[in-house]
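A.B. asks: Input file: target.cif. Contents: mmCIF, C-alpha atoms and all ligand atoms.
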```cif
data_model
#
loop_
_atom_site.label_atom_id
_atom_site.label_comp_id
_atom_site.auth_asym_id
_atom_site.auth_seq_id
_atom_site.Cartn_x
_atom_site.Cartn_y
_atom_site.Cartn_z
CA MET S 23 0.00 0.00 0.00
CA SER S 24 1.25 3.46 -0.81
CA ALA S 25 1.58 6.30 1.69
CA PRO S 26 -0.86 9.15 1.09
CA LYS S 27 0.29 12.32 -0.67
CA ILE S 28 -1.67 15.44 0.18
CA ILE S 29 -2.40 18.05 -2.48
CA VAL S 30 -4.30 21.16 -1.43
CA HIS S 31 -6.15 23.54 -3.76
CA ALA S 32 -7.55 26.95 -2.83
CA ASP S 33 -11.25 26.13 -2.97
CA ALA S 34 -13.80 23.57 -4.11
CA ASP S 35 -14.09 24.93 -7.66
CA LEU S 36 -10.35 24.82 -8.25
CA LEU S 37 -10.23 21.38 -6.67
CA ALA S 38 -12.82 20.06 -9.13
CA ARG S 39 -10.97 21.61 -12.08
CA ALA S 40 -7.57 20.36 -10.95
CA VAL S 41 -8.80 16.81 -10.32
CA ALA S 42 -10.50 16.82 -13.72
CA ALA S 43 -7.20 17.82 -15.37
CA ARG S 44 -5.35 15.18 -13.37
CA LEU S 45 -7.88 12.51 -14.34
CA ILE S 46 -7.64 13.31 -18.04
CA THR S 47 -3.84 13.20 -17.86
CA ARG S 48 -3.81 9.94 -15.94
CA ILE S 49 -6.16 8.25 -18.42
CA VAL S 50 -4.05 9.50 -21.35
CA ASP S 51 -0.86 8.20 -19.68
CA VAL S 52 -2.36 4.79 -18.90
CA GLN S 53 -3.75 4.48 -22.42
CA ALA S 54 -0.32 5.33 -23.84
CA GLU S 55 1.07 2.38 -21.87
CA ARG S 56 -1.70 -0.19 -22.19
CA GLY S 57 -4.29 1.12 -24.67
CA GLU S 58 -7.14 1.01 -22.18
CA ALA S 59 -7.84 2.45 -18.74
CA SER S 60 -10.29 1.77 -15.93
CA ILE S 61 -11.71 4.38 -13.60
CA VAL S 62 -14.04 4.24 -10.61
CA LEU S 63 -16.35 7.19 -10.08
CA THR S 64 -17.77 8.57 -6.86
CA GLY S 65 -20.99 10.39 -6.24
CA GLY S 66 -21.26 13.42 -4.02
CA THR S 67 -20.84 17.11 -4.70
CA VAL S 68 -17.17 17.20 -5.70
CA GLY S 69 -17.34 13.79 -7.35
CA ILE S 70 -19.98 15.02 -9.79
CA ALA S 71 -18.53 18.54 -10.14
CA LEU S 72 -15.21 17.13 -11.29
CA LEU S 73 -16.96 15.07 -13.97
CA ALA S 74 -18.64 18.23 -15.24
CA GLU S 75 -15.18 19.83 -15.37
CA VAL S 76 -13.87 16.90 -17.43
CA ALA S 77 -16.79 17.45 -19.83
CA ALA S 78 -15.96 21.16 -20.06
CA SER S 79 -12.24 20.63 -20.61
CA PRO S 80 -10.81 21.15 -24.10
CA ALA S 81 -8.33 18.36 -23.23
CA ARG S 82 -11.07 15.76 -22.87
CA ASP S 83 -10.72 14.73 -26.52
CA ALA S 84 -7.16 13.58 -25.77
CA VAL S 85 -8.78 10.55 -24.10
CA ASP S 86 -9.80 7.54 -26.19
CA TRP S 87 -13.14 7.25 -24.43
CA ALA S 88 -14.10 4.06 -26.27
CA LYS S 89 -11.25 2.37 -24.36
CA VAL S 90 -12.19 3.54 -20.87
CA ASP S 91 -13.95 1.21 -18.45
CA VAL S 92 -16.18 3.07 -16.03
CA TRP S 93 -17.19 1.62 -12.66
CA TRP S 94 -18.60 3.03 -9.42
CA GLY S 95 -17.47 2.81 -5.80
CA ASP S 96 -21.00 2.66 -4.49
CA GLU S 97 -24.57 3.21 -5.48
CA ARG S 98 -27.83 4.09 -3.84
CA PHE S 99 -30.13 1.08 -4.29
CA VAL S 100 -33.04 2.93 -5.87
CA PRO S 101 -34.77 2.58 -9.27
CA GLU S 102 -32.74 3.12 -12.43
CA GLY S 103 -34.27 6.51 -13.24
CA ASP S 104 -34.05 7.91 -9.70
CA ALA S 105 -32.21 11.24 -9.58
CA ASP S 106 -30.34 9.95 -6.49
CA ARG S 107 -28.45 7.37 -8.55
CA ASN S 108 -24.74 8.18 -8.73
CA ALA S 109 -24.75 6.63 -12.21
CA LEU S 110 -27.51 8.92 -13.46
CA GLN S 111 -25.75 12.00 -12.10
CA ALA S 112 -22.50 10.89 -13.75
CA ARG S 113 -24.24 10.36 -17.08
CA GLU S 114 -25.68 13.85 -16.96
CA ALA S 115 -22.37 15.43 -15.91
CA LEU S 116 -20.05 13.61 -18.34
CA LEU S 117 -20.80 10.15 -19.62
CA ASP S 118 -23.49 11.14 -22.13
CA ALA S 119 -21.15 13.79 -23.58
CA VAL S 120 -18.22 11.53 -24.51
CA PRO S 121 -18.02 8.55 -26.92
CA LEU S 122 -17.81 5.73 -24.39
CA ASP S 123 -18.39 2.11 -25.38
CA PRO S 124 -21.66 1.22 -23.56
CA ALA S 125 -20.28 -2.27 -22.93
CA ARG S 126 -17.51 -0.68 -20.86
CA VAL S 127 -19.85 1.29 -18.58
CA HIS S 128 -20.66 -0.79 -15.51
CA PRO S 129 -23.23 0.85 -13.24
CA MET S 130 -24.12 -0.99 -10.06
CA PRO S 131 -27.56 -2.65 -10.15
CA ALA S 132 -30.72 -0.63 -9.49
CA SER S 133 -33.64 -1.74 -7.33
CA ASP S 134 -35.85 -2.25 -10.38
CA GLY S 135 -33.25 -4.43 -12.11
CA PRO S 136 -33.28 -8.22 -12.63
CA ASP S 137 -33.02 -8.91 -8.90
CA GLY S 138 -35.81 -6.55 -7.93
CA ASP S 139 -35.29 -5.10 -4.47
CA ASP S 140 -33.02 -7.97 -3.33
CA VAL S 141 -29.84 -5.99 -2.69
CA GLU S 142 -27.84 -9.08 -1.71
CA ALA S 143 -28.59 -10.70 -5.07
CA ALA S 144 -27.74 -7.42 -6.78
CA ALA S 145 -24.37 -7.35 -5.00
CA VAL S 146 -23.65 -10.93 -6.11
CA ARG S 147 -24.56 -9.98 -9.69
CA HIS S 148 -22.20 -7.01 -9.66
CA ALA S 149 -19.43 -9.11 -8.09
CA ALA S 150 -19.78 -11.49 -11.05
CA GLU S 151 -19.37 -8.55 -13.45
CA LEU S 152 -16.21 -7.48 -11.64
CA ARG S 153 -14.89 -11.07 -11.63
CA ALA S 154 -15.48 -11.36 -15.37
CA ALA S 155 -13.44 -8.18 -15.94
CA ALA S 156 -10.53 -9.26 -13.70
CA LYS S 157 -7.24 -10.43 -15.16
CA PRO S 158 -5.40 -13.49 -13.79
CA GLU S 159 -2.75 -11.26 -12.21
CA ASP S 160 -5.26 -9.10 -10.32
CA PRO S 161 -4.98 -9.64 -6.54
CA VAL S 162 -8.75 -9.79 -6.01
CA GLU S 163 -11.60 -10.97 -8.22
CA ALA S 164 -12.01 -7.51 -9.72
CA PRO S 165 -9.99 -5.30 -12.05
CA SER S 166 -7.02 -3.44 -10.56
CA PHE S 167 -8.49 -0.06 -11.32
CA ASP S 168 -6.16 2.59 -12.69
CA VAL S 169 -7.88 5.38 -10.75
CA LEU S 170 -10.43 4.82 -8.01
CA MET S 171 -11.93 8.07 -6.74
CA LEU S 172 -13.67 8.36 -3.40
CA GLY S 173 -15.61 11.16 -1.78
CA VAL S 174 -15.71 11.21 1.99
CA GLY S 175 -18.56 12.02 4.32
CA PRO S 176 -18.34 14.23 7.42
CA ASP S 177 -18.70 10.94 9.34
CA ALA S 178 -15.57 9.64 7.54
CA HIS S 179 -17.42 7.15 5.32
CA ILE S 180 -16.11 6.26 1.88
CA ALA S 181 -18.14 4.53 -0.85
CA SER S 182 -21.02 3.13 1.26
CA LEU S 183 -18.74 1.89 4.03
CA PHE S 184 -19.97 3.71 7.13
CA PRO S 185 -18.48 3.95 10.62
CA GLY S 186 -19.87 1.33 12.97
CA LEU S 187 -21.41 -0.81 10.19
CA PRO S 188 -19.85 -4.19 9.34
CA GLY S 189 -19.15 -3.43 5.66
CA VAL S 190 -15.75 -1.86 6.19
CA LEU S 191 -14.51 -5.10 7.78
CA GLU S 192 -15.59 -7.30 4.86
CA ASP S 193 -12.51 -9.17 3.68
CA LYS S 194 -13.88 -11.78 1.27
CA ARG S 195 -16.59 -10.35 -0.95
CA THR S 196 -15.79 -7.64 -3.48
CA VAL S 197 -19.28 -6.09 -3.38
CA ILE S 198 -21.77 -5.92 -0.54
CA GLY S 199 -25.33 -4.89 0.01
CA VAL S 200 -25.53 -2.20 2.68
CA HIS S 201 -28.52 -2.00 5.01
CA ASP S 202 -29.45 0.75 7.43
CA SER S 203 -27.08 3.36 6.01
CA PRO S 204 -27.09 6.40 8.31
CA LYS S 205 -27.12 8.57 5.19
CA PRO S 206 -30.27 8.15 3.10
CA PRO S 207 -31.22 6.16 1.19
CA PRO S 208 -30.77 3.30 3.68
CA THR S 209 -30.06 0.55 1.16
CA ARG S 210 -26.95 0.70 -0.96
CA VAL S 211 -24.40 -1.35 -2.87
CA SER S 212 -20.70 -0.82 -2.20
CA LEU S 213 -17.25 -2.01 -3.20
CA THR S 214 -15.29 -3.36 -0.27
CA VAL S 215 -11.87 -2.48 1.14
CA PRO S 216 -9.96 -5.33 -0.61
CA VAL S 217 -11.09 -4.02 -4.02
CA ILE S 218 -10.31 -0.42 -3.08
CA GLN S 219 -6.83 -1.37 -1.89
CA ALA S 220 -6.17 -3.40 -5.04
CA ALA S 221 -6.59 -0.27 -7.19
CA ARG S 222 -3.38 1.14 -8.62
CA GLU S 223 -4.30 4.68 -7.61
CA VAL S 224 -6.81 5.77 -4.97
CA TRP S 225 -7.79 9.42 -4.90
CA VAL S 226 -9.72 10.77 -1.93
CA VAL S 227 -11.40 13.99 -3.03
CA ALA S 228 -12.88 16.30 -0.39
CA ALA S 229 -13.88 19.92 0.00
CA GLY S 230 -15.21 21.98 2.87
CA GLU S 231 -14.68 22.47 6.58
CA GLY S 232 -17.24 19.74 7.28
CA LYS S 233 -14.75 17.17 5.94
CA ALA S 234 -11.70 18.40 7.88
CA GLU S 235 -12.06 16.03 10.83
CA ALA S 236 -12.73 13.04 8.55
CA ILE S 237 -9.60 13.89 6.57
CA ARG S 238 -7.57 14.20 9.77
CA LEU S 239 -8.76 10.76 10.85
CA GLY S 240 -8.04 9.34 7.42
CA LEU S 241 -4.41 10.42 7.60
CA ALA S 242 -3.66 9.97 11.31
CA THR S 243 -1.79 6.84 12.31
CA GLY S 244 -3.71 4.32 14.37
CA THR S 245 -7.23 5.26 13.24
CA SER S 246 -9.49 2.21 13.28
CA PRO S 247 -11.36 1.42 10.05
CA SER S 248 -14.62 1.04 11.98
CA GLU S 249 -14.23 4.52 13.40
CA ALA S 250 -13.17 6.13 10.12
CA PRO S 251 -13.51 3.97 7.00
CA VAL S 252 -11.62 6.66 5.04
CA SER S 253 -8.45 5.45 6.79
CA THR S 254 -8.58 2.34 4.55
CA ALA S 255 -8.44 4.42 1.36
CA ARG S 256 -5.01 3.44 0.09
CA GLY S 257 -3.92 2.47 -3.41
CA ARG S 258 -1.20 0.03 -4.40
CA THR S 259 1.05 2.46 -6.22
CA GLU S 260 -0.41 5.86 -5.36
CA THR S 261 -2.71 7.35 -2.75
CA LEU S 262 -3.70 10.98 -3.21
CA TYR S 263 -5.69 13.13 -0.83
CA LEU S 264 -6.95 15.91 -3.09
CA LEU S 265 -8.38 18.61 -0.87
CA ASP S 266 -9.45 22.19 -0.72
CA ARG S 267 -7.99 24.40 2.00
CA ALA S 268 -10.99 23.98 4.30
CA ALA S 269 -10.89 20.17 4.15
CA ALA S 270 -7.14 20.36 4.80
CA SER S 271 -7.51 22.66 7.82
CA ARG S 272 -6.90 19.94 10.43
CA LEU S 273 -4.19 17.78 8.93
CA PRO S 274 -2.40 15.68 11.56
CA GLY S 275 0.86 17.31 12.66
O1 LIG X 1 -23.75 7.78 -1.91
C1 LIG X 1 -23.52 8.83 -1.34
O2 LIG X 1 -24.22 9.29 -0.43
C2 LIG X 1 -22.35 9.63 -1.80
O3 LIG X 1 -21.76 9.03 -2.91
C3 LIG X 1 -21.34 9.78 -0.70
O4 LIG X 1 -20.63 8.61 -0.42
C4 LIG X 1 -20.43 10.93 -1.03
O5 LIG X 1 -19.41 10.56 -1.90
C5 LIG X 1 -19.82 11.55 0.19
O6 LIG X 1 -20.75 11.61 1.21
C6 LIG X 1 -19.33 12.94 -0.13
O7 LIG X 1 -20.39 13.67 -0.61
P1 LIG X 1 -20.42 15.26 -0.67
O8 LIG X 1 -19.23 15.65 -1.51
O9 LIG X 1 -21.71 15.62 -1.31
O10 LIG X 1 -20.31 15.70 0.72
#
```
Turn the structure described in the file into structure tokens.
Ligand SMILES: O=C(O)[C@H](O)[C@@H](O)[C@H](O)[C@H](O)COP(=O)(O)O
C.D. replies:
Amino acid sequence: MSAPKIIVHADADLLARAVAARLITRIVDVQAERGEASIVLTGGTVGIALLAEVAASPARDAVDWAKVDVWWGDERFVPEGDADRNALQAREALLDAVPLDPARVHPMPASDGPDGDDVEAAAVRHAAELRAAAKPEDPVEAPSFDVLMLGVGPDAHIASLFPGLPGVLEDKRTVIGVHDSPKPPPTRVSLTVPVIQAAREVWVVAAGEGKAEAIRLGLATGTSPSEAPVSTARGRTETLYLLDRAAASRLPG
């Protein structure tokens, strides 16, 4: 696991623009090496704002979008067309504006999908999709994502792994159904820590004073995952904490 690097931008708008530029560059670099790239999107305010900044960037056409695999870190388990879906928000912000291959876009299941409202079956279905996309050398039964982005909640959750819930301790499954989420909606689907930590690069993206304590916990030594799931956000070759000044206002000394 790589030690976190902290990069601070002046405010939330600049953060979104800078992460968008970084994402475009990273995809271009990975595609120059291997032809294709895989990214994991996050919902949340900055997570969606940065996608809109990618869409607005003149550099976006440097990416071969048809060779980008798009996945999500978590999803609200609501119907396909629900405005709360991270996937729907991402489509509106970016995905509909670039020439992706639909077969390479992998939203997590919705509650009106083939498994109906059975979130456990939906998680198993998505785990099978990840397994099918994994290569023999991948350390878990999921792709080793090139860039996995995570927002963080004021309670220090990442994806839909919340403090005090068992999901953050899951060490076998790659995808779980989440029940009783403290943040609505209560039922969700989430990647687990082993998949997150198998990613080549993990980027934690956070803005605002309300995230400062969560960021402190995420970087402090000795934080327990159950207390602050964000402390598990580490990539294999790179871990970036991409922050605005307010979110960086309580960094551990
Ligand atoms: O499913 C969700 O509720 C969101 O995806 C959530 O995990 C989000 O990423 C963080 O809470 C940060 O969100 P904000 O940037 O809006 O605070």
A.B. asks: Tell me which of S:His179, S:Arg256, S:Asp86, S:Ser246 sits closest to S:Val50, counting all atoms listed in the file.
C.D. replies: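 Looking only at the distances to S:Val50, the closest residue turns out to be S:Asp86.
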A.B. asks: For chain S versus ligand LIG 1 (chain X), which residues have an atom no more than 8 Å away, and what is each residue's nearest atom pair and distance in Å rounded to one decimal, using all atoms listed in the file, chain-then-number order, as JSON lines?
C.D. replies:
```
{"residue": "S:Thr64", "atom": "CA", "partner": "X:LIG1", "partner_atom": "O5", "distance": 5.6}
{"residue": "S:Gly65", "atom": "CA", "partner": "X:LIG1", "partner_atom": "O3", "distance": 3.7}
{"residue": "S:Gly66", "atom": "CA", "partner": "X:LIG1", "partner_atom": "O9", "distance": 3.5}
{"residue": "S:Thr67", "atom": "CA", "partner": "X:LIG1", "partner_atom": "O9", "distance": 3.8}
{"residue": "S:Val68", "atom": "CA", "partner": "X:LIG1", "partner_atom": "O8", "distance": 4.9}
{"residue": "S:Gly69", "atom": "CA", "partner": "X:LIG1", "partner_atom": "O8", "distance": 6.4}
{"residue": "S:Asp96", "atom": "CA", "partner": "X:LIG1", "partner_atom": "O1", "distance": 6.4}
{"residue": "S:Glu97", "atom": "CA", "partner": "X:LIG1", "partner_atom": "O1", "distance": 5.9}
{"residue": "S:Arg98", "atom": "CA", "partner": "X:LIG1", "partner_atom": "O1", "distance": 5.8}
{"residue": "S:Asn108", "atom": "CA", "partner": "X:LIG1", "partner_atom": "O3", "distance": 6.6}
{"residue": "S:Leu172", "atom": "CA", "partner": "X:LIG1", "partner_atom": "O5", "distance": 6.3}
{"residue": "S:Gly173", "atom": "CA", "partner": "X:LIG1", "partner_atom": "O5", "distance": 3.8}
{"residue": "S:Val174", "atom": "CA", "partner": "X:LIG1", "partner_atom": "C5", "distance": 4.5}
{"residue": "S:Gly175", "atom": "CA", "partner": "X:LIG1", "partner_atom": "O6", "distance": 3.8}
{"residue": "S:Pro176", "atom": "CA", "partner": "X:LIG1", "partner_atom": "O10", "distance": 7.1}
{"residue": "S:His179", "atom": "CA", "partner": "X:LIG1", "partner_atom": "O4", "distance": 6.7}
{"residue": "S:Ile180", "atom": "CA", "partner": "X:LIG1", "partner_atom": "O4", "distance": 5.6}
{"residue": "S:Ala181", "atom": "CA", "partner": "X:LIG1", "partner_atom": "O4", "distance": 4.8}
{"residue": "S:Ser182", "atom": "CA", "partner": "X:LIG1", "partner_atom": "O4", "distance": 5.7}
{"residue": "S:Lys205", "atom": "CA", "partner": "X:LIG1", "partner_atom": "O2", "distance": 6.4}
{"residue": "S:Pro206", "atom": "CA", "partner": "X:LIG1", "partner_atom": "O2", "distance": 7.1}
{"residue": "S:Pro207", "atom": "CA", "partner": "X:LIG1", "partner_atom": "O2", "distance": 7.8}
{"residue": "S:Arg210", "atom": "CA", "partner": "X:LIG1", "partner_atom": "O1", "distance": 7.8}
{"residue": "S:Ala228", "atom": "CA", "partner": "X:LIG1", "partner_atom": "O8", "distance": 6.5}
{"residue": "S:Ala229", "atom": "CA", "partner": "X:LIG1", "partner_atom": "O8", "distance": 7.0}
{"residue": "S:Lys233", "atom": "CA", "partner": "X:LIG1", "partner_atom": "O10", "distance": 7.8}
```
A.B. asks: Can you spit out the residues from that selection as a compact mmCIF listing (two decimals), in the coordinates of the input, using C-alpha atoms?
C.D. replies:
```
# COMPACT_ATOMS: atom_id res chain seq x y z
CA THR S 64 -17.77 8.57 -6.86
CA GLY S 65 -20.99 10.39 -6.24
CA GLY S 66 -21.26 13.42 -4.02
CA THR S 67 -20.84 17.11 -4.70
CA VAL S 68 -17.17 17.20 -5.70
CA GLY S 69 -17.34 13.79 -7.35
CA ASP S 96 -21.00 2.66 -4.49
CA GLU S 97 -24.57 3.21 -5.48
CA ARG S 98 -27.83 4.09 -3.84
CA ASN S 108 -24.74 8.18 -8.73
CA LEU S 172 -13.67 8.36 -3.40
CA GLY S 173 -15.61 11.16 -1.78
CA VAL S 174 -15.71 11.21 1.99
CA GLY S 175 -18.56 12.02 4.32
CA PRO S 176 -18.34 14.23 7.42
CA HIS S 179 -17.42 7.15 5.32
CA ILE S 180 -16.11 6.26 1.88
CA ALA S 181 -18.14 4.53 -0.85
CA SER S 182 -21.02 3.13 1.26
CA LYS S 205 -27.12 8.57 5.19
CA PRO S 206 -30.27 8.15 3.10
CA PRO S 207 -31.22 6.16 1.19
CA ARG S 210 -26.95 0.70 -0.96
CA ALA S 228 -12.88 16.30 -0.39
CA ALA S 229 -13.88 19.92 0.00
CA LYS S 233 -14.75 17.17 5.94
```
A.B. asks: Any idea what's packed within 8 Å of S:Ile46, counting only C-alpha atoms, ignoring anything in its chain fewer than 6 positions away? Could you give it as a compact mmCIF listing (two decimals) with C-alpha atoms, in the coordinates of the input?
C.D. replies:
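Okay, this is what ended up in selection_23.txt:
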```txt
# COMPACT_ATOMS: atom_id res chain seq x y z
CA VAL S 76 -13.87 16.90 -17.43
CA ALA S 81 -8.33 18.36 -23.23
CA ARG S 82 -11.07 15.76 -22.87
CA ALA S 84 -7.16 13.58 -25.77
CA VAL S 85 -8.78 10.55 -24.10
```
A.B. asks: Would you mind reading off the distance between atom CA of S:Leu122 and atom CA of S:Ala154, one decimal, in Å?
C.D. replies: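 Rounded to one decimal, the two atoms are 19.5 Å apart.
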A.B. asks: Taking into account all atoms listed in the file, which residue in the set S:Pro161, S:Val252, S:Phe99, S:Ala38 is nearest to S:Asp202?
C.D. replies: S:Phe99
A.B. asks: Could you please determine the separation between atom CA of S:Ala268 and atom CA of S:Ser203 in Å, to one decimal place?
C.D. replies: 26.2 Å
A.B. asks: Have a look at atom CA of S:Ala155 and atom CA of S:Leu213 and let me know their distance in Å, one decimal.
C.D. replies: 14.7 Å
A.B. asks: Given the choices S:Ala78, S:Val127, S:Ile61, S:Ile218, which gets closest to S:Val190 if the distance is worked out from only C-alpha atoms?
C.D. replies: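 Closest candidate: S:Ile218.
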A.B. asks: In the coordinates of the file, take the point (-23.7, 8.9, 9.3) and a cut-off of 7 Å; then, counting all atoms listed in the file, name each qualifying protein, DNA or RNA residue as a PyMOL selection string.
C.D. replies: chain S and resi 177+184+204-205
A.B. asks: Give me, as a tab-separated table, each residue of stretch 91-164 of chain S that comes within 8 Å of stretch 192-201 of chain S, together with its shortest interatomic pair and the distance in Å at one decimal, counting only C-alpha atoms, with rows ordered by chain and rising residue number.
C.D. replies:
```
residue	atom	partner	partner_atom	distance
S:Val141	CA	S:Gly199	CA	5.4
S:Glu142	CA	S:Gly199	CA	5.2
S:Ala144	CA	S:Gly199	CA	7.6
S:Ala145	CA	S:Ile198	CA	5.4
S:Val146	CA	S:Val197	CA	7.1
S:His148	CA	S:Val197	CA	7.0
S:Ala149	CA	S:Val197	CA	5.6
S:Val162	CA	S:Thr196	CA	7.8
S:Glu163	CA	S:Thr196	CA	7.1
S:Ala164	CA	S:Thr196	CA	7.3
```
A.B. asks: Rank S:Leu241, S:Val217, S:Met23, S:Leu152 by their smallest atom-to-atom distance to S:Gly257, using all atoms listed in the file, and report the top residue only.
C.D. replies: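 Closest to S:Gly257, using all atoms listed in the file: S:Met23.
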A.B. asks: Using all atoms listed in the file, pick whichever of S:Val120, S:Val169, S:Ala234, S:Ala32 has the shortest atom-to-atom distance to S:Ser271.
C.D. replies: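 Closest candidate: S:Ala234.
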A.B. asks: Identify the residues around (-7.0, 19.6, -1.2) within a radius of 9 Å, measuring from all atoms listed in the file in the coordinates stated by the file, and give them as an NGL selection string.
C.D. replies: :S and (28-34 or 37 or 227-229 or 263-270)
A.B. asks: My list of candidates is S:Leu73, S:Leu273, S:Val62, S:Ile49. Which is closest to S:Ala221 when distances are computed with all atoms listed in the file?
C.D. replies: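 For S:Ala221, the nearest of the candidates is S:Val62.
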